[in-house]
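Q: Take a look at the following structure, please.
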Amino acid sequence: MTAPAGEKRMTVIQATFIGVGSMVGAGIFALLGAAGAVAGPAVWVSFLFAGAIAGLQGYSFAKLGATYPSGGGMLTFLSRGLGEGHLTGIGSWLFFTAGSIVVAMIASTFGSYASSVVADDDVFWAKVLAVGLVLVMTGLNTVGPAAVARVQSVIVIVVLGILVVFAAVTIATWNPALLAPSGYPPLQEIVASVALTFFAFLGFGVITFTAKDLPNPSRQLPKAIYLAIAIATTIYVAVSLGVFGTLTAEQVVDYGSTALAEAAKPVLGQAGYVLMVITALFSTTGAVNAGLYPSIGMTAHLASVGQFPPVFGRSVGRFPVGLLVMAGLAITLVIGFDVNKIASIGSAVALLVFSAVTVAHFRLFRVTGANIVVLVVALIVTLGTFVVFCTTTLAAEPSSALALVGIIALSIIIDLVWKARARRSAAEKNT
């Protein structure tokens, strides 16, 4: 499984930072206000629960990744356990769609912050800047994994350093009364918010696609996954404690994506606000970079095994088609939709895909050496979170429920149509 020396260009830390960069950009700056609307001051508990689910899924992914390292990442795990049939195909299209939603949402957050600095919060310029970021990061991803890893490492080091200082300062001066359990919503609502905060951990799945760029993926991939989840969970819990210990839940919801910057004001003044805005720009830039990264290896692998049309394995000049399609879909979402309203859909789709990977692992655990009890618990909590999310959040948001059904239906239709066409083409060649 190890390629000859010189062919691989990524270290464990760089692979970790690919995941951390993807997670932190989505979790802190894009979701804190939305999560606060559901869980109130108990958002830190929601992040802790989501981190535990990510840890269980991370265990499964690490065992699978050590056994089946591939540029196809977690989608390789699906095909190994479930074969190359419709379930794997539908799951692959779902994951590709969820990845586009993640990129679009984070790019929109970048646009909001950037427009507040240069365009007085103008909505048009927010979209222009968001689209510009997607285009720039698409270009970076064509340079190669080494460039992606180096840029990501710099961004993540800067962002983590500032967030650690922010958490330490705000926690040192917080108002404990704002975090009193008496102000927490019912447990069911906290659990429902986990489906949203789990969106903040989707980046650990991106790490599985770094296998093609690691010298020894069977040993290095699990380390990168565990380290990324641990770092992200610690940052999320610490920062959410600092924010909700400084601002009321209502203020956090009102401020939305700028809540961190506002929480820095009472302690650090206007300079703190500016610093957090800069951090948000760095963080969301890294998250878009990391979100686009798997599209190249993933779609090339899926095209090679017949799950995606062969065009996804080709390039237009220096631009792989899979990267162009994901970037194009993300840009379409940025321009045509209020992406924050469909953010939860990305999380719901990911919960389904991750559950499918765990089901596939049931058929492989004797090969991977995984503990079947851990896998069962991982599946129960992941599906349980999805069910609670559907019966609470989606029940109150019919448009989001329709969007989820539409995405699933579209993935099924695309897979059925493509597979039928491929079978007809193969039959014609044989006659």
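Residues are named by chain letter and number: chains run A, B, ... in the order of the structure tokens, numbers start at 1 in each chain, and ligands are numbered from 1 in the order shown.
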Counting only C-alpha atoms, which residues in region 246-292 of chain A sit no more than 12 Å from region 106-127 of chain A? For each one, give the nearest pair of atoms and the distance in Å, sorted by chain then residue number, as a tab-separated table.
A:
residue	atom	partner	partner_atom	distance
A:Tyr255	CA	A:Tyr113	CA	11.9
A:Gly256	CA	A:Thr109	CA	10.1
A:Ser257	CA	A:Thr109	CA	6.9
A:Thr258	CA	A:Tyr113	CA	7.5
A:Ala259	CA	A:Tyr113	CA	11.2
A:Leu260	CA	A:Tyr113	CA	11.5
A:Ala261	CA	A:Tyr113	CA	10.1
A:Tyr273	CA	A:Val117	CA	11.3
A:Val274	CA	A:Val117	CA	9.1
A:Leu275	CA	A:Tyr113	CA	11.9
A:Met276	CA	A:Tyr113	CA	10.0
A:Val277	CA	A:Tyr113	CA	6.5
A:Ile278	CA	A:Tyr113	CA	8.6
A:Thr279	CA	A:Tyr113	CA	10.1
A:Ala280	CA	A:Phe110	CA	7.1
A:Leu281	CA	A:Phe110	CA	5.7
A:Phe282	CA	A:Phe110	CA	8.7
A:Ser283	CA	A:Phe110	CA	8.6
A:Thr284	CA	A:Phe110	CA	5.6
A:Thr285	CA	A:Phe110	CA	7.1
A:Gly286	CA	A:Ile106	CA	9.6
A:Ala287	CA	A:Ile106	CA	6.9
A:Val288	CA	A:Ala107	CA	6.4
A:Asn289	CA	A:Ala107	CA	9.9
A:Ala290	CA	A:Ile106	CA	10.9
A:Gly291	CA	A:Ile106	CA	9.2
A:Leu292	CA	A:Ala107	CA	11.2
Q: I need the residues from that last selection saved to file as a compact mmCIF listing (two decimals), in the first residue's frame (with C-alpha atoms), if you can.
A:
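Produced file result_39.txt, reproduced below:
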# COMPACT_ATOMS: atom_id res chain seq x y z
CA TYR A 255 -24.97 38.41 15.79
CA GLY A 256 -24.94 35.14 13.83
CA SER A 257 -21.66 34.47 12.04
CA THR A 258 -20.00 37.52 13.68
CA ALA A 259 -20.72 36.31 17.23
CA LEU A 260 -17.06 35.52 17.94
CA ALA A 261 -15.95 38.96 16.90
CA TYR A 273 -13.22 42.52 16.99
CA VAL A 274 -10.87 43.22 14.09
CA LEU A 275 -8.60 40.33 15.09
CA MET A 276 -11.50 37.87 15.08
CA VAL A 277 -12.73 39.13 11.72
CA ILE A 278 -9.26 38.48 10.31
CA THR A 279 -9.27 35.05 11.93
CA ALA A 280 -12.66 34.30 10.37
CA LEU A 281 -11.33 35.19 6.94
CA PHE A 282 -8.30 32.92 7.43
CA SER A 283 -10.39 30.10 8.86
CA THR A 284 -13.06 30.10 6.17
CA THR A 285 -10.38 30.33 3.48
CA GLY A 286 -8.73 27.21 4.86
CA ALA A 287 -12.06 25.43 5.14
CA VAL A 288 -12.96 26.07 1.49
CA ASN A 289 -9.47 24.93 0.47
CA ALA A 290 -9.87 21.70 2.46
CA GLY A 291 -13.45 21.19 1.31
CA LEU A 292 -12.46 21.21 -2.35
Q: Within 7 Å of Ile171 (chain A), counting only C-alpha atoms, which residues show up once you throw out same-chain ones fewer than 3 positions away? Write them as a PDB file with N, CA and C atoms, in the first residue's frame, please.
A:
ATOM      1  N   ALA A 167     -10.162  31.938  23.504  1.00  0.00           N
ATOM      2  CA  ALA A 167     -10.849  31.093  24.490  1.00  0.00           C
ATOM      3  C   ALA A 167     -10.307  31.353  25.889  1.00  0.00           C
ATOM      4  N   ALA A 168      -8.995  31.460  26.027  1.00  0.00           N
ATOM      5  CA  ALA A 168      -8.389  31.673  27.345  1.00  0.00           C
ATOM      6  C   ALA A 168      -8.831  33.007  27.941  1.00  0.00           C
ATOM      7  N   TRP A 174     -15.392  35.311  31.989  1.00  0.00           N
ATOM      8  CA  TRP A 174     -16.785  35.010  31.685  1.00  0.00           C
ATOM      9  C   TRP A 174     -17.706  35.272  32.874  1.00  0.00           C
ATOM     10  N   LEU A 241     -17.776  27.916  25.161  1.00  0.00           N
ATOM     11  CA  LEU A 241     -17.854  28.330  26.566  1.00  0.00           C
ATOM     12  C   LEU A 241     -17.501  29.806  26.706  1.00  0.00           C
ATOM     13  N   GLY A 242     -16.460  30.225  26.006  1.00  0.00           N
ATOM     14  CA  GLY A 242     -16.049  31.622  26.071  1.00  0.00           C
ATOM     15  C   GLY A 242     -17.100  32.567  25.508  1.00  0.00           C
TER      16      GLY A 242
END
Q: CA of Pro215 (chain A) and CA of Ile157 (chain A) are how many Å apart?
A: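 Interatomic distance, CA of Pro215 (chain A) to CA of Ile157 (chain A): 22.7 Å.
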Q: At a cut-off of 12 Å, can you tabulate as a Markdown table every residue of region 19-40 of chain A near region 135-152 of chain A together with its closest atom pair and the distance in Å to one decimal, using only C-alpha atoms and ordering rows by chain then number?
A:
| residue | atom | partner | partner_atom | distance |
| --- | --- | --- | --- | --- |
| A:Gly19 | CA | A:Gln152 | CA | 9.6 |
| A:Val20 | CA | A:Gln152 | CA | 9.3 |
| A:Gly21 | CA | A:Gln152 | CA | 6.9 |
| A:Ser22 | CA | A:Gln152 | CA | 9.4 |
| A:Gly25 | CA | A:Gln152 | CA | 11.8 |
Q: Find the distance between CA of Ala422 (chain A) and CA of Ala300 (chain A) and write it in Å to one decimal.
A: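 Going from CA of Ala422 (chain A) over to CA of Ala300 (chain A), I get 16.8 Å.
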Q: Can you work out which one of A:Thr210, A:Ser240, A:Thr246, A:Ser100 has the shortest atom-to-atom distance to Asn175 (chain A), counting only C-alpha atoms?
A: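 Among A:Thr210, A:Ser240, A:Thr246, A:Ser100, it is A:Thr246 that comes nearest to Asn175 (chain A).
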Q: Please provide as a PyMOL selection string all residues within 8 Å of Thr233 (chain A), with the sequence filter that same-chain residues fewer than 5 positions apart are discarded (counting only C-alpha atoms).
A: chain A and resi 47-48+51
Q: Can you pull out the residues contacting region 410-421 of chain A? Cut-off 6 Å, using only C-alpha atoms, and skip same-chain residues under 4 positions away; I want them as a compact mmCIF listing (two decimals) with N, CA, C and O atoms, in the first residue's frame.
A:
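So selection-v3.txt came out as:
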# COMPACT_ATOMS: atom_id res chain seq x y z
N GLY A 89 -23.25 3.81 -5.15
CA GLY A 89 -23.39 4.92 -6.08
C GLY A 89 -24.19 6.06 -5.51
O GLY A 89 -23.80 7.24 -5.60
N ILE A 90 -25.33 5.74 -4.90
CA ILE A 90 -26.18 6.78 -4.31
C ILE A 90 -25.45 7.47 -3.17
O ILE A 90 -25.47 8.71 -3.04
N TRP A 93 -22.91 9.96 -4.64
CA TRP A 93 -23.50 11.21 -5.10
C TRP A 93 -23.96 12.07 -3.94
O TRP A 93 -23.84 13.31 -3.98
N GLY A 406 -35.36 16.01 -1.76
CA GLY A 406 -34.98 16.29 -3.14
C GLY A 406 -33.57 15.85 -3.46
O GLY A 406 -33.30 15.27 -4.53
Q: When you look at region 344-360 of chain A with a cut-off of 6 Å (counting only C-alpha atoms), what residues show up, excluding the ones that are within fewer than 4 positions of it in the same chain? I need them as a list in words.
A: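 Once the adjacent positions are removed, what remains is Leu78, Gly81, Leu82, Gly91, Ala98, Ile101, Leu196, Phe199, Leu379 and Leu404 of chain A.
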Q: Can you spit out the residues from that selection as a short mmCIF file (atom, residue, chain, number, x, y, z; two decimals), in the first residue's frame, using all heavy atoms?
A:
data_model
loop_
_atom_site.label_atom_id
_atom_site.label_comp_id
_atom_site.auth_asym_id
_atom_site.auth_seq_id
_atom_site.Cartn_x
_atom_site.Cartn_y
_atom_site.Cartn_z
N LEU A 78 -17.13 2.24 1.34
CA LEU A 78 -18.48 1.84 0.95
C LEU A 78 -18.45 0.72 -0.07
O LEU A 78 -19.14 -0.29 0.07
CB LEU A 78 -19.23 3.03 0.36
CG LEU A 78 -20.07 3.93 1.26
CD1 LEU A 78 -20.73 5.02 0.43
CD2 LEU A 78 -21.11 3.13 2.02
N GLY A 81 -17.34 -2.71 1.29
CA GLY A 81 -18.31 -3.41 2.12
C GLY A 81 -19.62 -3.73 1.43
O GLY A 81 -20.25 -4.75 1.72
N LEU A 82 -20.04 -2.84 0.51
CA LEU A 82 -21.35 -2.99 -0.11
C LEU A 82 -21.28 -3.33 -1.59
O LEU A 82 -22.32 -3.53 -2.23
CB LEU A 82 -22.17 -1.70 0.07
CG LEU A 82 -22.39 -1.23 1.51
CD1 LEU A 82 -23.16 0.08 1.52
CD2 LEU A 82 -23.11 -2.28 2.33
N GLY A 91 -24.77 6.68 -2.33
CA GLY A 91 -23.99 7.27 -1.23
C GLY A 91 -22.90 8.20 -1.74
O GLY A 91 -22.62 9.24 -1.14
N ALA A 98 -23.11 16.83 -0.49
CA ALA A 98 -22.88 17.40 0.84
C ALA A 98 -21.60 18.21 0.87
O ALA A 98 -21.54 19.28 1.49
CB ALA A 98 -22.82 16.27 1.88
N ILE A 101 -22.25 21.58 -0.58
CA ILE A 101 -23.00 22.42 0.36
C ILE A 101 -22.06 23.00 1.41
O ILE A 101 -22.14 24.18 1.77
CB ILE A 101 -24.14 21.62 1.03
CG1 ILE A 101 -25.20 21.25 -0.01
CG2 ILE A 101 -24.76 22.43 2.16
CD1 ILE A 101 -26.28 20.32 0.53
N LEU A 196 -26.87 19.48 13.91
CA LEU A 196 -26.33 20.71 13.32
C LEU A 196 -24.85 20.87 13.65
O LEU A 196 -24.04 21.15 12.77
CB LEU A 196 -27.12 21.92 13.82
CG LEU A 196 -26.78 23.27 13.20
CD1 LEU A 196 -26.97 23.23 11.69
CD2 LEU A 196 -27.67 24.35 13.81
N PHE A 199 -22.22 18.93 11.80
CA PHE A 199 -21.77 19.53 10.54
C PHE A 199 -20.35 20.08 10.71
O PHE A 199 -19.55 20.08 9.77
CB PHE A 199 -22.72 20.68 10.19
CG PHE A 199 -22.49 21.30 8.85
CD1 PHE A 199 -23.18 20.86 7.74
CD2 PHE A 199 -21.62 22.36 8.70
CE1 PHE A 199 -23.00 21.46 6.49
CE2 PHE A 199 -21.41 22.96 7.47
CZ PHE A 199 -22.11 22.50 6.36
N LEU A 379 -23.12 3.33 14.99
CA LEU A 379 -24.28 3.35 14.10
C LEU A 379 -25.53 3.83 14.84
O LEU A 379 -26.30 4.64 14.31
CB LEU A 379 -24.52 1.96 13.52
CG LEU A 379 -25.70 1.85 12.54
CD1 LEU A 379 -25.48 2.74 11.32
CD2 LEU A 379 -25.91 0.40 12.11
N LEU A 404 -33.95 18.06 1.60
CA LEU A 404 -33.29 16.79 1.91
C LEU A 404 -33.86 15.67 1.05
O LEU A 404 -33.11 14.88 0.45
CB LEU A 404 -33.45 16.46 3.39
CG LEU A 404 -32.88 15.10 3.84
CD1 LEU A 404 -31.38 15.04 3.57
CD2 LEU A 404 -33.17 14.86 5.32
#
Q: Measuring between only C-alpha atoms, which one of A:Arg9, A:Gly317, A:Leu56, A:Pro41 shows the shortest distance to Thr248 (chain A)?
A: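 So, comparing all the options, the nearest one is A:Pro41.
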Q: Pick from A:Ala180, A:Leu202, A:Met105, A:Ile13: nearest to Phe337 (chain A), with only C-alpha atoms counted?
A: A:Met105
Q: Mind checking which residues fall within 10 Å of Tyr68 (chain A), counting only C-alpha atoms, ignoring those fewer than 4 positions away in the same chain, and posting them as a ChimeraX atom specification?
A: /A:1,61-64,72-74,76-77,80,208,211,217-218,368
Q: Rank A:Leu333, A:Leu94, A:Ala42, A:Val134 by their smallest atom-to-atom distance to Ala409 (chain A), using only C-alpha atoms, and report the top residue only.
A: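 Using only C-alpha atoms, the shortest distance to Ala409 (chain A) belongs to A:Leu94.
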Q: From a DSSP pass on the backbone, collect the residues of region 112-324 of chain A flagged as alpha helix (DSSP H) and hand them back as JSON, numbers by chain.
A: {"A": [112, 113, 114, 115, 116, 117, 118, 123, 124, 125, 126, 127, 128, 129, 130, 131, 132, 133, 134, 135, 136, 137, 138, 139, 140, 141, 142, 143, 145, 146, 147, 148, 149, 150, 151, 152, 153, 154, 155, 156, 157, 158, 159, 160, 161, 162, 163, 164, 165, 166, 167, 168, 169, 170, 171, 172, 187, 188, 189, 190, 191, 192, 193, 194, 195, 196, 197, 203, 204, 205, 206, 207, 217, 218, 219, 220, 221, 222, 223, 224, 225, 226, 227, 228, 229, 230, 231, 232, 233, 234, 235, 236, 237, 238, 239, 240, 241, 242, 243, 244, 249, 250, 251, 252, 253, 254, 255, 259, 260, 261, 262, 263, 264, 265, 266, 267, 268, 269, 270, 271, 272, 273, 274, 275, 276, 277, 278, 279, 280, 281, 282, 283, 284, 285, 286, 287, 288, 289, 290, 291, 292, 294, 295, 296, 297, 298, 299, 300, 301, 302, 303, 304, 321, 322, 323, 324]}
Q: Write out as a ChimeraX atom specification all residues of region 267-354 of chain A that DSSP puts in strand (DSSP E or B) for this structure's backbone.
A: /A:315-316,319-320
Q: Figure out the distance between CA of Gly205 (chain A) and CA of Ile335 (chain A), please, to one decimal in Å.
A: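 So the answer is 26.4 Å.
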Q: Would you please work out which residue, of A:Leu302, A:Ala37, A:Ala224, A:Leu268, is nearest to Val12 (chain A) when using only C-alpha atoms?
A: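 Of all the options, A:Ala224 lies closest to Val12 (chain A).
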Q: Nearest residue to Asp254 (chain A) out of A:Gly36, A:Thr173, A:Met10, A:Met23, using only C-alpha atoms?
A: A:Gly36
Q: I want to know what sits within 12 Å of Gly55 (chain A), based on only C-alpha atoms, with residues of the same chain fewer than 4 positions away left out; could you give that as a ChimeraX atom specification?
A: /A:47-51,59-62,198,201-202,204-205,222,225-233,374-375,377-378,381-382
